[in-house]
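Below: final-v8.cif (mmCIF, C-alpha atoms and all ligand atoms)
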data_start
#
loop_
_atom_site.group_PDB
_atom_site.id
_atom_site.type_symbol
_atom_site.label_atom_id
_atom_site.label_comp_id
_atom_site.auth_asym_id
_atom_site.auth_seq_id
_atom_site.Cartn_x
_atom_site.Cartn_y
_atom_site.Cartn_z
ATOM 1 C CA MET A 1 14.344 -14.050 7.371
ATOM 2 C CA ARG A 2 12.138 -12.162 4.907
ATOM 3 C CA HIS A 3 11.742 -8.456 4.147
ATOM 4 C CA PHE A 4 8.514 -6.971 2.795
ATOM 5 C CA LEU A 5 9.679 -4.446 0.215
ATOM 6 C CA THR A 6 7.332 -5.159 -2.705
ATOM 7 C CA LEU A 7 4.719 -7.788 -3.552
ATOM 8 C CA ARG A 8 6.952 -8.909 -6.428
ATOM 9 C CA ASP A 9 8.924 -10.998 -3.903
ATOM 10 C CA PHE A 10 5.825 -12.799 -2.589
ATOM 11 C CA SER A 11 3.853 -15.689 -4.021
ATOM 12 C CA LYS A 12 0.076 -15.766 -4.214
ATOM 13 C CA LYS A 13 0.068 -18.356 -1.432
ATOM 14 C CA GLU A 14 2.128 -16.109 0.841
ATOM 15 C CA ILE A 15 -0.010 -13.022 0.173
ATOM 16 C CA LEU A 16 -3.154 -15.015 0.974
ATOM 17 C CA GLU A 17 -1.535 -16.403 4.146
ATOM 18 C CA ILE A 18 -0.740 -12.867 5.371
ATOM 19 C CA VAL A 19 -4.226 -11.568 4.551
ATOM 20 C CA ASP A 20 -5.874 -14.602 6.222
ATOM 21 C CA LEU A 21 -3.740 -14.108 9.308
ATOM 22 C CA GLY A 22 -4.793 -10.437 9.393
ATOM 23 C CA LEU A 23 -8.457 -11.437 9.104
ATOM 24 C CA GLN A 24 -8.086 -13.910 11.980
ATOM 25 C CA ILE A 25 -6.333 -11.305 14.136
ATOM 26 C CA LYS A 26 -9.145 -8.842 13.324
ATOM 27 C CA LYS A 27 -11.724 -11.419 14.413
ATOM 28 C CA ASP A 28 -9.806 -12.032 17.643
ATOM 29 C CA LEU A 29 -9.618 -8.306 18.351
ATOM 30 C CA ARG A 30 -13.391 -7.984 17.889
ATOM 31 C CA ALA A 31 -13.795 -10.826 20.429
ATOM 32 C CA GLY A 32 -11.452 -9.100 22.867
ATOM 33 C CA ILE A 33 -8.711 -11.690 22.362
ATOM 34 C CA TYR A 34 -5.203 -10.260 22.345
ATOM 35 C CA LYS A 35 -2.566 -12.837 21.512
ATOM 36 C CA GLU A 36 0.664 -11.093 22.372
ATOM 37 C CA GLU A 37 2.574 -12.679 19.531
ATOM 38 C CA LEU A 38 5.231 -9.986 19.410
ATOM 39 C CA LYS A 39 5.646 -9.573 23.153
ATOM 40 C CA LYS A 40 8.644 -7.432 24.150
ATOM 41 C CA GLN A 41 9.498 -6.806 20.498
ATOM 42 C CA THR A 42 10.247 -3.338 19.161
ATOM 43 C CA LEU A 43 9.337 -1.998 15.732
ATOM 44 C CA ALA A 44 11.419 0.988 14.604
ATOM 45 C CA MET A 45 9.402 3.224 12.274
ATOM 46 C CA ILE A 46 11.482 5.600 10.148
ATOM 47 C CA PHE A 47 9.437 8.312 8.477
ATOM 48 C CA GLU A 48 10.965 10.585 5.848
ATOM 49 C CA LYS A 49 7.475 11.569 4.652
ATOM 50 C CA SER A 50 4.207 12.413 6.433
ATOM 51 C CA SER A 51 1.648 9.815 7.459
ATOM 52 C CA THR A 52 -1.599 9.390 9.338
ATOM 53 C CA ARG A 53 -2.714 5.814 8.608
ATOM 54 C CA THR A 54 0.689 4.144 8.386
ATOM 55 C CA ARG A 55 1.963 5.562 11.638
ATOM 56 C CA VAL A 56 -1.224 4.992 13.632
ATOM 57 C CA SER A 57 -1.778 1.460 12.291
ATOM 58 C CA PHE A 58 1.778 0.201 12.852
ATOM 59 C CA GLU A 59 2.102 1.816 16.278
ATOM 60 C CA THR A 60 -1.305 0.596 17.465
ATOM 61 C CA GLY A 61 -0.804 -2.827 15.885
ATOM 62 C CA MET A 62 2.525 -3.355 17.593
ATOM 63 C CA PHE A 63 1.053 -2.344 20.967
ATOM 64 C CA GLN A 64 -1.868 -4.755 20.523
ATOM 65 C CA LEU A 65 0.593 -7.552 19.733
ATOM 66 C CA GLY A 66 2.392 -6.952 23.025
ATOM 67 C CA GLY A 67 5.285 -5.009 21.538
ATOM 68 C CA HIS A 68 6.380 -1.428 21.221
ATOM 69 C CA ALA A 69 6.863 0.945 18.288
ATOM 70 C CA LEU A 70 9.399 3.743 18.022
ATOM 71 C CA PHE A 71 8.508 6.727 15.846
ATOM 72 C CA LEU A 72 11.701 8.047 14.249
ATOM 73 C CA SER A 73 11.298 11.039 11.976
ATOM 74 C CA ASN A 74 14.308 11.853 9.842
ATOM 75 C CA ARG A 75 14.372 15.251 11.512
ATOM 76 C CA ASP A 76 15.200 13.539 14.788
ATOM 77 C CA ILE A 77 17.707 10.862 13.806
ATOM 78 C CA HIS A 78 21.134 11.203 12.241
ATOM 79 C CA LEU A 79 19.941 9.681 8.962
ATOM 80 C CA GLY A 80 18.484 13.124 8.180
ATOM 81 C CA ARG A 81 21.904 14.708 8.866
ATOM 82 C CA GLY A 82 23.745 12.400 6.540
ATOM 83 C CA GLU A 83 24.586 9.295 8.582
ATOM 84 C CA PRO A 84 24.858 6.584 5.921
ATOM 85 C CA VAL A 85 21.868 4.302 5.396
ATOM 86 C CA LYS A 86 24.040 1.219 5.867
ATOM 87 C CA ASP A 87 25.267 2.464 9.271
ATOM 88 C CA THR A 88 21.757 3.400 10.402
ATOM 89 C CA ALA A 89 20.550 -0.050 9.318
ATOM 90 C CA ARG A 90 23.206 -1.873 11.304
ATOM 91 C CA VAL A 91 22.659 0.247 14.430
ATOM 92 C CA ILE A 92 18.838 0.099 14.486
ATOM 93 C CA SER A 93 18.608 -3.558 13.528
ATOM 94 C CA GLY A 94 21.041 -4.376 16.332
ATOM 95 C CA MET A 95 18.536 -3.069 18.875
ATOM 96 C CA CYS A 96 15.085 -3.518 17.343
ATOM 97 C CA ASP A 97 13.197 -6.589 16.106
ATOM 98 C CA MET A 98 11.619 -5.156 12.953
ATOM 99 C CA VAL A 99 11.898 -1.932 10.961
ATOM 100 C CA MET A 100 9.278 -0.070 8.944
ATOM 101 C CA ILE A 101 10.458 2.657 6.577
ATOM 102 C CA ARG A 102 8.591 5.334 4.642
ATOM 103 C CA THR A 103 10.945 7.133 2.303
ATOM 104 C CA PHE A 104 11.499 8.536 -1.175
ATOM 105 C CA SER A 105 13.756 6.310 -3.295
ATOM 106 C CA HIS A 106 13.095 2.597 -3.321
ATOM 107 C CA SER A 107 16.840 1.957 -3.468
ATOM 108 C CA MET A 108 17.230 3.459 0.040
ATOM 109 C CA ILE A 109 14.972 0.784 1.510
ATOM 110 C CA GLU A 110 16.758 -1.933 -0.495
ATOM 111 C CA GLU A 111 20.105 -0.760 0.848
ATOM 112 C CA PHE A 112 18.718 -0.628 4.395
ATOM 113 C CA ALA A 113 17.368 -4.177 4.029
ATOM 114 C CA ALA A 114 20.697 -5.430 2.680
ATOM 115 C CA TYR A 115 22.411 -4.293 5.895
ATOM 116 C CA SER A 116 19.591 -5.073 8.325
ATOM 117 C CA LYS A 117 19.700 -8.024 10.708
ATOM 118 C CA VAL A 118 15.883 -7.899 11.106
ATOM 119 C CA PRO A 119 12.905 -7.818 8.706
ATOM 120 C CA VAL A 120 12.321 -4.497 6.935
ATOM 121 C CA ILE A 121 8.825 -3.430 5.864
ATOM 122 C CA ASN A 122 8.144 -0.886 3.132
ATOM 123 C CA GLY A 123 5.719 1.701 4.492
ATOM 124 C CA LEU A 124 5.762 3.525 1.111
ATOM 125 C CA THR A 125 8.453 4.560 -1.312
ATOM 126 C CA ASP A 126 8.189 6.574 -4.534
ATOM 127 C CA SER A 127 7.852 3.228 -6.366
ATOM 128 C CA TYR A 128 5.613 1.017 -4.216
ATOM 129 C CA HIS A 129 3.106 0.984 -1.345
ATOM 130 C CA PRO A 130 2.665 -2.756 -0.701
ATOM 131 C CA VAL A 131 1.206 -2.641 2.839
ATOM 132 C CA GLN A 132 -1.694 -0.596 1.475
ATOM 133 C CA LEU A 133 -2.448 -3.348 -1.037
ATOM 134 C CA LEU A 134 -2.576 -5.961 1.725
ATOM 135 C CA ALA A 135 -5.340 -3.879 3.337
ATOM 136 C CA ASP A 136 -7.034 -3.342 -0.029
ATOM 137 C CA TYR A 137 -7.065 -7.037 -0.815
ATOM 138 C CA MET A 138 -8.309 -7.835 2.703
ATOM 139 C CA THR A 139 -11.171 -5.385 2.085
ATOM 140 C CA MET A 140 -11.941 -7.047 -1.257
ATOM 141 C CA VAL A 141 -12.153 -10.416 0.517
ATOM 142 C CA GLU A 142 -14.374 -9.052 3.296
ATOM 143 C CA TYR A 143 -16.769 -7.455 0.836
ATOM 144 C CA ASP A 144 -16.642 -10.614 -1.286
ATOM 145 C CA ILE A 145 -15.584 -8.680 -4.400
ATOM 146 C CA HIS A 146 -12.239 -10.427 -4.893
ATOM 147 C CA GLU A 147 -13.328 -13.286 -7.170
ATOM 148 C CA ASN A 148 -13.319 -12.329 -10.866
ATOM 149 C CA ALA A 149 -12.597 -8.728 -9.943
ATOM 150 C CA ILE A 150 -12.176 -6.185 -12.733
ATOM 151 C CA VAL A 151 -10.320 -3.285 -11.141
ATOM 152 C CA ALA A 152 -10.078 0.075 -12.909
ATOM 153 C CA TYR A 153 -7.324 2.368 -11.635
ATOM 154 C CA VAL A 154 -7.876 5.913 -12.878
ATOM 155 C CA GLY A 155 -5.187 8.510 -12.247
ATOM 156 C CA ASP A 156 -1.468 8.924 -11.786
ATOM 157 C CA GLY A 157 0.914 6.078 -12.628
ATOM 158 C CA ASN A 158 2.512 6.047 -9.179
ATOM 159 C CA ASN A 159 3.505 3.886 -6.207
ATOM 160 C CA MET A 160 -0.133 2.811 -5.672
ATOM 161 C CA THR A 161 -0.555 1.843 -9.322
ATOM 162 C CA HIS A 162 2.653 -0.177 -9.262
ATOM 163 C CA SER A 163 1.508 -2.039 -6.178
ATOM 164 C CA TRP A 164 -1.915 -2.705 -7.732
ATOM 165 C CA MET A 165 -0.058 -4.151 -10.734
ATOM 166 C CA MET A 166 1.965 -6.496 -8.547
ATOM 167 C CA LEU A 167 -1.080 -7.566 -6.507
ATOM 168 C CA CYS A 168 -3.105 -8.247 -9.648
ATOM 169 C CA ALA A 169 -0.236 -10.099 -11.309
ATOM 170 C CA LYS A 170 0.282 -12.344 -8.296
ATOM 171 C CA ILE A 171 -3.360 -12.987 -7.384
ATOM 172 C CA GLY A 172 -4.662 -13.205 -10.947
ATOM 173 C CA PHE A 173 -7.475 -10.711 -11.596
ATOM 174 C CA GLU A 174 -8.055 -8.038 -14.241
ATOM 175 C CA LEU A 175 -6.560 -4.566 -13.817
ATOM 176 C CA ARG A 176 -7.168 -1.718 -16.235
ATOM 177 C CA ILE A 177 -5.019 1.342 -15.749
ATOM 178 C CA ALA A 178 -5.931 4.734 -17.199
ATOM 179 C CA THR A 179 -3.406 7.545 -16.870
ATOM 180 C CA PRO A 180 -2.980 10.805 -18.783
ATOM 181 C CA ARG A 181 -0.188 10.904 -21.355
ATOM 182 C CA GLY A 182 3.099 11.630 -19.648
ATOM 183 C CA TYR A 183 1.914 10.161 -16.319
ATOM 184 C CA GLU A 184 2.054 6.482 -17.276
ATOM 185 C CA VAL A 185 3.322 3.725 -15.002
ATOM 186 C CA ASN A 186 6.997 2.763 -14.893
ATOM 187 C CA SER A 187 7.678 0.643 -17.979
ATOM 188 C CA ASP A 188 10.079 -1.772 -16.229
ATOM 189 C CA ILE A 189 7.577 -2.476 -13.444
ATOM 190 C CA LEU A 190 4.859 -2.911 -16.079
ATOM 191 C CA ALA A 191 6.980 -5.400 -18.028
ATOM 192 C CA GLU A 192 7.754 -7.365 -14.889
ATOM 193 C CA SER A 193 4.153 -7.446 -13.723
ATOM 194 C CA MET A 194 3.068 -8.564 -17.210
ATOM 195 C CA LYS A 195 5.495 -11.463 -16.860
ATOM 196 C CA PHE A 196 3.966 -12.501 -13.518
ATOM 197 C CA ALA A 197 0.480 -11.960 -14.967
ATOM 198 C CA LYS A 198 1.189 -14.500 -17.667
ATOM 199 C CA GLU A 199 1.962 -17.099 -15.005
ATOM 200 C CA SER A 200 -1.107 -16.321 -12.840
ATOM 201 C CA GLY A 201 -3.643 -15.708 -15.599
ATOM 202 C CA ALA A 202 -4.055 -12.047 -14.600
ATOM 203 C CA LYS A 203 -4.868 -9.429 -17.217
ATOM 204 C CA ILE A 204 -3.296 -5.971 -17.080
ATOM 205 C CA THR A 205 -4.106 -3.291 -19.668
ATOM 206 C CA VAL A 206 -3.057 0.352 -19.926
ATOM 207 C CA THR A 207 -4.864 3.178 -21.671
ATOM 208 C CA ASN A 208 -5.116 6.978 -21.731
ATOM 209 C CA ASP A 209 -8.912 6.768 -21.762
ATOM 210 C CA PRO A 210 -10.476 6.589 -18.264
ATOM 211 C CA LYS A 211 -13.902 5.678 -19.648
ATOM 212 C CA GLU A 212 -12.479 2.679 -21.481
ATOM 213 C CA ALA A 213 -10.889 1.472 -18.231
ATOM 214 C CA VAL A 214 -13.982 1.961 -16.082
ATOM 215 C CA ARG A 215 -16.587 0.478 -18.439
ATOM 216 C CA GLY A 216 -17.878 -2.709 -16.746
ATOM 217 C CA ALA A 217 -15.319 -2.586 -13.908
ATOM 218 C CA THR A 218 -16.404 -4.104 -10.593
ATOM 219 C CA ILE A 219 -14.016 -1.962 -8.545
ATOM 220 C CA VAL A 220 -12.886 1.583 -9.356
ATOM 221 C CA THR A 221 -9.921 3.067 -7.554
ATOM 222 C CA THR A 222 -7.722 6.138 -7.720
ATOM 223 C CA ASP A 223 -5.088 8.046 -5.758
ATOM 224 C CA THR A 224 -3.873 11.605 -5.396
ATOM 225 C CA TRP A 225 -2.637 13.295 -8.568
ATOM 226 C CA ALA A 226 0.361 14.763 -6.723
ATOM 227 C CA SER A 227 2.135 12.347 -4.415
ATOM 228 C CA MET A 228 4.347 13.326 -1.509
ATOM 229 C CA GLY A 229 7.433 14.982 -2.975
ATOM 230 C CA GLN A 230 5.500 16.323 -5.998
ATOM 231 C CA GLU A 231 3.872 19.280 -4.222
ATOM 232 C CA GLU A 232 5.430 21.784 -6.643
ATOM 233 C CA GLU A 233 3.819 20.044 -9.630
ATOM 234 C CA LYS A 234 0.338 20.260 -8.140
ATOM 235 C CA GLU A 235 -1.103 22.994 -10.401
ATOM 236 C CA GLU A 236 0.422 21.511 -13.548
ATOM 237 C CA ARG A 237 -0.996 18.097 -12.613
ATOM 238 C CA ILE A 238 -4.494 19.445 -11.933
ATOM 239 C CA ASN A 239 -4.493 20.661 -15.557
ATOM 240 C CA ALA A 240 -3.007 17.461 -16.963
ATOM 241 C CA PHE A 241 -5.553 15.255 -15.148
ATOM 242 C CA LYS A 242 -8.692 17.016 -16.467
ATOM 243 C CA GLY A 243 -11.325 14.361 -17.164
ATOM 244 C CA TYR A 244 -9.768 11.917 -14.680
ATOM 245 C CA MET A 245 -11.927 12.699 -11.628
ATOM 246 C CA VAL A 246 -13.871 9.643 -10.475
ATOM 247 C CA ASP A 247 -17.333 11.189 -10.222
ATOM 248 C CA ASP A 248 -20.866 9.831 -10.404
ATOM 249 C CA LEU A 249 -20.881 9.936 -14.197
ATOM 250 C CA MET A 250 -17.730 7.849 -14.334
ATOM 251 C CA MET A 251 -19.080 5.397 -11.740
ATOM 252 C CA CYS A 252 -22.196 4.985 -13.934
ATOM 253 C CA LEU A 253 -19.993 3.358 -16.578
ATOM 254 C CA ALA A 254 -18.784 0.717 -14.120
ATOM 255 C CA ALA A 255 -20.647 -2.536 -13.448
ATOM 256 C CA LYS A 256 -23.859 -2.315 -11.423
ATOM 257 C CA GLY A 257 -23.010 -2.188 -7.713
ATOM 258 C CA ALA A 258 -19.323 -1.456 -8.425
ATOM 259 C CA LYS A 259 -17.302 -0.508 -5.370
ATOM 260 C CA PHE A 260 -14.881 2.386 -4.993
ATOM 261 C CA LEU A 261 -11.573 2.132 -3.122
ATOM 262 C CA HIS A 262 -9.104 4.864 -2.140
ATOM 263 C CA CYS A 263 -5.946 4.501 -0.055
ATOM 264 C CA LEU A 264 -6.484 8.031 1.366
ATOM 265 C CA PRO A 265 -5.775 10.843 1.908
ATOM 266 C CA ALA A 266 -8.348 11.860 -0.718
ATOM 267 C CA TYR A 267 -8.449 15.208 -2.479
ATOM 268 C CA ARG A 268 -12.115 15.907 -3.097
ATOM 269 C CA GLU A 269 -13.113 17.365 -6.450
ATOM 270 C CA GLN A 270 -9.688 16.400 -7.802
ATOM 271 C CA GLU A 271 -9.149 12.638 -8.219
ATOM 272 C CA VAL A 272 -12.572 11.859 -6.670
ATOM 273 C CA SER A 273 -15.791 13.782 -6.230
ATOM 274 C CA GLU A 274 -17.202 14.409 -2.772
ATOM 275 C CA SER A 275 -20.280 12.419 -3.699
ATOM 276 C CA VAL A 276 -18.415 9.283 -4.853
ATOM 277 C CA LEU A 277 -16.175 9.324 -1.796
ATOM 278 C CA GLU A 278 -19.037 9.855 0.656
ATOM 279 C CA GLY A 279 -21.244 7.406 -1.249
ATOM 280 C CA HIS A 280 -18.603 4.704 -0.707
ATOM 281 C CA ALA A 281 -17.457 5.862 2.726
ATOM 282 C CA ASP A 282 -18.290 2.502 4.362
ATOM 283 C CA ILE A 283 -15.844 0.525 2.266
ATOM 284 C CA VAL A 284 -13.214 3.282 2.035
ATOM 285 C CA PHE A 285 -12.974 3.673 5.818
ATOM 286 C CA ASP A 286 -13.061 -0.103 6.338
ATOM 287 C CA GLU A 287 -10.149 -0.184 3.883
ATOM 288 C CA ALA A 288 -8.326 2.390 6.029
ATOM 289 C CA GLU A 289 -9.032 0.420 9.230
ATOM 290 C CA ASN A 290 -7.792 -2.752 7.565
ATOM 291 C CA ARG A 291 -4.322 -1.244 7.477
ATOM 292 C CA LEU A 292 -4.184 -2.094 11.198
ATOM 293 C CA HIS A 293 -5.334 -5.698 10.830
ATOM 294 C CA ALA A 294 -3.423 -6.526 7.638
ATOM 295 C CA GLN A 295 -0.157 -5.167 9.011
ATOM 296 C CA LYS A 296 -0.576 -7.092 12.265
ATOM 297 C CA GLY A 297 -0.928 -10.176 10.071
ATOM 298 C CA LEU A 298 2.185 -9.157 8.176
ATOM 299 C CA MET A 299 4.309 -8.571 11.273
ATOM 300 C CA VAL A 300 3.276 -11.881 12.861
ATOM 301 C CA TRP A 301 3.925 -13.669 9.534
ATOM 302 C CA LEU A 302 7.385 -12.082 9.159
ATOM 303 C CA ASP A 303 8.223 -12.963 12.750
ATOM 304 C CA LYS A 304 7.279 -16.618 12.105
ATOM 305 C CA GLN A 305 9.575 -16.715 9.055
ATOM 306 C CA ARG A 306 12.578 -16.115 11.289
ATOM 307 C CA GLY A 307 12.185 -19.502 12.875
ATOM 308 C CA ILE A 308 11.856 -21.410 9.587
HETATM 309 N N1 LIG B 401 -2.726 5.427 2.809
HETATM 310 C C1 LIG B 401 -1.687 5.816 3.556
HETATM 311 O O1 LIG B 401 -0.602 5.230 3.497
HETATM 312 O O2 LIG B 401 -1.946 6.853 4.375
HETATM 313 P P1 LIG B 401 -0.889 7.694 5.222
HETATM 314 O O3 LIG B 401 -0.057 8.484 4.233
HETATM 315 O O4 LIG B 401 -1.735 8.560 6.094
HETATM 316 O O5 LIG B 401 -0.029 6.770 6.010
HETATM 317 N N1 LIG B 402 0.699 8.165 -3.940
HETATM 318 C C1 LIG B 402 0.537 8.721 -2.625
HETATM 319 C C2 LIG B 402 0.064 7.682 -1.666
HETATM 320 C C3 LIG B 402 -0.239 8.211 -0.279
HETATM 321 C C4 LIG B 402 -0.659 7.146 0.672
HETATM 322 C C5 LIG B 402 1.851 9.331 -2.182
HETATM 323 O O1 LIG B 402 2.902 8.710 -2.400
HETATM 324 O O2 LIG B 402 1.843 10.419 -1.618
#

Will you turn the file into structure tokens for me?
Amino acid sequence: MRHFLTLRDFSKKEILEIVDLGLQIKKDLRAGIYKEELKKQTLAMIFEKSSTRTRVSFETGMFQLGGHALFLSNRDIHLGRGEPVKDTARVISGMCDMVMIRTFSHSMIEEFAAYSKVPVINGLTDSYHPVQLLADYMTMVEYDIHENAIVAYVGDGNNMTHSWMMLCAKIGFELRIATPRGYEVNSDILAESMKFAKESGAKITVTNDPKEAVRGATIVTTDTWASMGQEEEKEERINAFKGYMVDDLMMCLAAKGAKFLHCLPAYREQEVSESVLEGHADIVFDEAENRLHAQKGLMVWLDKQRGI
């Protein structure tokens, strides 16, 4: 049995298998073919933070696969009142077939997985957002921008950045990260991804100069400056991130025809201008839709691992 907590635990081959499976399932869906590969299975979804895409994609995906999804907000279950994580894990995994968790500390999801009898999927922690990167890579493949990609990530060194680092390190492309001073990526995760990058031939660089990162990039991406749980720092961050908005001028520095990606939700005229977001709306909303297809691929893949 496998859990999906971060891409660090997955090989390039496995990531490609999951993405390919998602692409096949997407093709089937377009043709009206529903293979009920998770018939009668239940996915428990524990949310300790808000969500639009993650909730809708997992719930819809599970239904399309012939299963059922349970939405469990921490306001409604005893976890939010102090029932230990290890007890919650043993109870829920005794009744459900898979668990998806969106929470704050990454160690909570690790503890849950350690006590769970069924696969656990990370639906976002403060450290990583790996399911988003499955959808992002699927989008890169669909738009045929995955080979020799030079990805510039401009913004906060956060869960999205860390997952970009792991994806890049495993797949083997170039990733340039520009963050303001004081908002750099986690140094341990950077060191570990550098180690994987050496093995795959990936190139990861970090800078405090967004222009340096974006010059010649084939894909530019960013994320909110204040993640969930950092609402009180919002004003301070808006000041610290001056010069980091991905706008038309910044996109002009990128390679001709460069694409823009955003995990959403987007804060216009903060990390991205209205015109860049709307100018790349086709790919950005395909990227959002791909959450559904990539995660269906992931759930079917994880289910198959049980039998191996
Ligand atoms: N990108 C993403 O995970 O969106 P939600 O927070 O809406 O789930
Ligand atoms: N970094 C953001 C991602 C939202 C999908 C957050 O954690 O809030």

task: Using only C-alpha atoms and all ligand atoms, find each residue with an atom at most 12 Å away from ligand LIG 402 (chain B) and format the answer as a ChimeraX atom specification.
output: /A:48-55,102-106,123-133,155-164,222-231,234,262-267,271,288,291

Selection near Lys13 of chain A, 12 Å with only C-alpha atoms, sequence-local residues under 2 positions removed, as an MDAnalysis selection string: chainID A and resid 7 9:11 15:20 167 170:172 200

query: Closest to ligand LIG 401 (chain B) among A:Ala191, A:Ile101, A:Ala281, A:Val154, using all atoms listed in the file?
result: A:Ile101

task: Pull out every residue that the PyMOL selection byres (((chain A and resi 98) around 6) and not hetatm) matches in the shown coordinates and put them as a PyMOL selection string.
output: chain A and resi 43+96-97+99+118-119

task: Expand the PyMOL selection byres (((chain A and resi 194) around 12) and not hetatm) into the individual residues it matches in the shown file, reporting them as a ChimeraX atom specification.
output: /A:8,162,165-170,172,174-175,187-193,195-206

message: One number please: atom CA of His280 of chain A to atom CA of Ala258 of chain A, in Å, one decimal.
response: 9.9 Å

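Counting from atom CA of Glu233 of chain A, the distance to atom CA of Arg75 of chain A is 24.1 Å.
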
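Closest to ligand LIG 401 (chain B) among A:Leu134, A:Ile92, A:Ala217, A:Val85 is A:Leu134, based on all atoms listed in the file.
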
If I wrap all listed atoms of segment 18-33 of chain A in a box with edges along x, y and z and add 4 Å on each side, what are its centre and edge lengths in Å to one decimal, as AutoDock Vina command-line options?
--center_x -7.3 --center_y -11.3 --center_z 13.7 --size_x 21.1 --size_y 14.6 --size_z 26.3

task: Enumerate, as a PyMOL selection string, the residues matched when the PyMOL selection byres (((chain A and resi 246) around 12) and not hetatm) is run on the file above.
output: chain A and resi 152-155+178+210-211+213-214+219-225+241-245+247-254+259-262+266-277+280

task: Excluding Thr88 of chain A and any residue of its chain fewer than 2 positions from it, enumerate the residues within 12 Å of it, using only C-alpha atoms, and give them as a ChimeraX atom specification.
output: /A:44,46,72,74,77-86,90-96,99,101,108-109,111-117

What would the file look like if the residues just selected were written as a PDB file, in the coordinates of the input with C-alpha atoms?
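Contents of selection-v1.pdb, as written:
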ATOM      1  CA  ALA A  44      11.419   0.988  14.604  1.00  0.00           C
ATOM      2  CA  ILE A  46      11.482   5.600  10.148  1.00  0.00           C
ATOM      3  CA  LEU A  72      11.701   8.047  14.249  1.00  0.00           C
ATOM      4  CA  ASN A  74      14.308  11.853   9.842  1.00  0.00           C
ATOM      5  CA  ILE A  77      17.707  10.862  13.806  1.00  0.00           C
ATOM      6  CA  HIS A  78      21.134  11.203  12.241  1.00  0.00           C
ATOM      7  CA  LEU A  79      19.941   9.681   8.962  1.00  0.00           C
ATOM      8  CA  GLY A  80      18.484  13.124   8.180  1.00  0.00           C
ATOM      9  CA  ARG A  81      21.904  14.708   8.866  1.00  0.00           C
ATOM     10  CA  GLY A  82      23.745  12.400   6.540  1.00  0.00           C
ATOM     11  CA  GLU A  83      24.586   9.295   8.582  1.00  0.00           C
ATOM     12  CA  PRO A  84      24.858   6.584   5.921  1.00  0.00           C
ATOM     13  CA  VAL A  85      21.868   4.302   5.396  1.00  0.00           C
ATOM     14  CA  LYS A  86      24.040   1.219   5.867  1.00  0.00           C
ATOM     15  CA  ARG A  90      23.206  -1.873  11.304  1.00  0.00           C
ATOM     16  CA  VAL A  91      22.659   0.247  14.430  1.00  0.00           C
ATOM     17  CA  ILE A  92      18.838   0.099  14.486  1.00  0.00           C
ATOM     18  CA  SER A  93      18.608  -3.558  13.528  1.00  0.00           C
ATOM     19  CA  GLY A  94      21.041  -4.376  16.332  1.00  0.00           C
ATOM     20  CA  MET A  95      18.536  -3.069  18.875  1.00  0.00           C
ATOM     21  CA  CYS A  96      15.085  -3.518  17.343  1.00  0.00           C
ATOM     22  CA  VAL A  99      11.898  -1.932  10.961  1.00  0.00           C
ATOM     23  CA  ILE A 101      10.458   2.657   6.577  1.00  0.00           C
ATOM     24  CA  MET A 108      17.230   3.459   0.040  1.00  0.00           C
ATOM     25  CA  ILE A 109      14.972   0.784   1.510  1.00  0.00           C
ATOM     26  CA  GLU A 111      20.105  -0.760   0.848  1.00  0.00           C
ATOM     27  CA  PHE A 112      18.718  -0.628   4.395  1.00  0.00           C
ATOM     28  CA  ALA A 113      17.368  -4.177   4.029  1.00  0.00           C
ATOM     29  CA  ALA A 114      20.697  -5.430   2.680  1.00  0.00           C
ATOM     30  CA  TYR A 115      22.411  -4.293   5.895  1.00  0.00           C
ATOM     31  CA  SER A 116      19.591  -5.073   8.325  1.00  0.00           C
ATOM     32  CA  LYS A 117      19.700  -8.024  10.708  1.00  0.00           C
TER      33      LYS A 117
END

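With all atoms listed in the file as the atoms that count, the residue of A:Ser57, A:Gln64, A:Thr6, A:Thr139 with the shortest distance to Lys35 of chain A is A:Gln64.
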
Separation of atom CA of Lys26 of chain A from atom CA of Ala255 of chain A in Å: 29.8 Å

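Nearest to Glu36 of chain A of all the residues A:Val284, A:Met62, A:Leu302, A:Ile145 is A:Met62, based on all atoms listed in the file.
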
- prompt: A:Met45, A:Glu235, A:Val120, A:Arg181: which is nearest ligand LIG 401 (chain B), counting only C-alpha atoms and all ligand atoms?
  reply: A:Met45

field: Nearest to ligand LIG 401 (chain B), chosen from A:Val56, A:Met1, A:Ile177, A:Met299, with all atoms listed in the file counted in the distances
entry: A:Val56

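The list of residues with at least one atom within 8 Å of Glu59 of chain A, based on all atoms listed in the file and without residues fewer than 6 positions apart in the same chain, reads His68, Ala69 and Leu70 of chain A.
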
task: Show which residues sit within 12 Å of segment 27-33 of chain A, as a PyMOL selection string. Count all atoms listed in the file, and ignore same-chain residues fewer than 3 positions away.
output: chain A and resi 20-24+36-37+61+64-65+142+290+292-294+296-297
